[in-house]
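Inspection log for the structure reproduced underneath, given as structure tokens.
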Amino acid sequence: RVLICISRATMSGRGRGGKRGPRGGGGGGKRSRGNERDSSWVTSNDKQNDAFEEYYKTQDIVPEGEWDAFLACLRKPLPVTFRINGSGRFADHLRDKLQSDFFSHFGDGTLMVDGEPVQPPRPLPWYPNNYAWHMDFSRGQLRKMPLLEAIHKFMVKANDAGSISRQEAVSMVPPLFLDVRPHHRVLDMCAAPGSKTFQLLEALHAGPEPASGYVVANDADFNRCSLLTHQTKRVCSPCLMVTNHSAEYFPAVRGPGGDPIRFDRIL
């Protein structure tokens, strides 16, 4: 049996075969110039779209009386989320260092900037070992509070070094469900920019013995394959193959004997 996890970012406009709309966030495919022009209605200060509201009201997915709260939630900026890469003693040490050197200074969460409370960073409760964290503060607060600025600088350096990955929380979920083991053969159909592929490789190398499986990471856009390679090379894994095919026409991968390889996990 093969376990397949389909990751769809509906709001980002991804279509069939890993093709993408105007917004980023993981997935593979080509970016349409027409779609880029269509996104001109949204700016940082005016997130209004009558056609969007009409469509989702017609779907009747929001309970009566909660529509305004629903739109307010959509317009709220996404929090900063990141994931500590790897596992074992190194990842534990980095997590503990973040907590002792930075997060512990928030105390009970009563720090104030311009009269507004700053929420302390908190781990995502569903991610194993407190390796994923959530931070919700504005750019203005970042500039005015030395502690937040120090956290930001540390994250930039750690991300460049490959110790952490900036990644939306929703993007971290599918690899967890796949439950990849070191012997699994894994296909990531729409892999760029590579955050989820990074997670799959981590799971592949999480066992005490060297991994016998591998990850085939595919994307339909050649330029995004370069981004995918740059992102995943931080794992330093010999168990990765990057391919450039349309997901709709992905070719059969054959083993040494010529027989098609059957994947254990497909994202």
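Ordered as shown in the structure tokens, chains take letters A, B, and onward, while each chain numbers its residues from 1 and ligands are numbered from 1 in the order shown.
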
Point to revise | DSSP strand (DSSP E) residues within stretch 39-262 of chain A, as a ChimeraX atom specification | key: /A:80-84,112-113,116-117,122-123,132-135,164-166,185-188,214-218,240-243

With only C-alpha atoms as the counted atoms, please give the residues lying no more than 12 Å from A:Gly207, apart from itself and same-chain residues fewer than 2 positions off, as a PDB file with C-alpha atoms, in the first residue's frame.
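Below is the file that was written, around_24.pdb:
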```pdb
ATOM      1  CA  GLY A  86      17.333  18.102  12.096  1.00  0.00           C
ATOM      2  CA  SER A  87      16.840  16.081  15.238  1.00  0.00           C
ATOM      3  CA  GLY A  88      18.758  14.710  18.211  1.00  0.00           C
ATOM      4  CA  VAL A 180       8.364   8.846   6.355  1.00  0.00           C
ATOM      5  CA  ARG A 181      10.760   6.102   7.495  1.00  0.00           C
ATOM      6  CA  PRO A 182      14.436   5.631   6.538  1.00  0.00           C
ATOM      7  CA  HIS A 183      13.659   2.838   4.040  1.00  0.00           C
ATOM      8  CA  HIS A 184      10.876   4.651   2.191  1.00  0.00           C
ATOM      9  CA  LEU A 201      14.718  14.309   4.004  1.00  0.00           C
ATOM     10  CA  GLU A 202      15.006  14.925   7.731  1.00  0.00           C
ATOM     11  CA  ALA A 203      12.540  12.104   8.403  1.00  0.00           C
ATOM     12  CA  LEU A 204      14.470   9.858   6.027  1.00  0.00           C
ATOM     13  CA  HIS A 205      17.664  10.381   8.037  1.00  0.00           C
ATOM     14  CA  GLU A 209      21.102   3.582  10.741  1.00  0.00           C
ATOM     15  CA  PRO A 210      21.954   5.199   7.388  1.00  0.00           C
ATOM     16  CA  ALA A 211      18.900   5.790   5.198  1.00  0.00           C
ATOM     17  CA  SER A 212      18.270   3.197   2.500  1.00  0.00           C
ATOM     18  CA  GLY A 213      15.388   5.132   0.912  1.00  0.00           C
TER      19      GLY A 213
END
```

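Take atom CA of A:Asp114 and atom CA of A:Gln141: the distance between them is 8.2 Å.
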
Exercise for review: Please provide the set of residues having any atom within 10 Å of stretch 233-246 of chain A, restricted to only C-alpha atoms, with same-chain residues fewer than 2 positions apart removed, written as a ChimeraX atom specification.
Suggested key: /A:16-19,28-30,85-86,159-163,185-192,194,197-199,201-202,204-205,211-226,228-231,248-251

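Atom CA of A:Gln167 sits 5.2 Å away from atom CA of A:Phe82.
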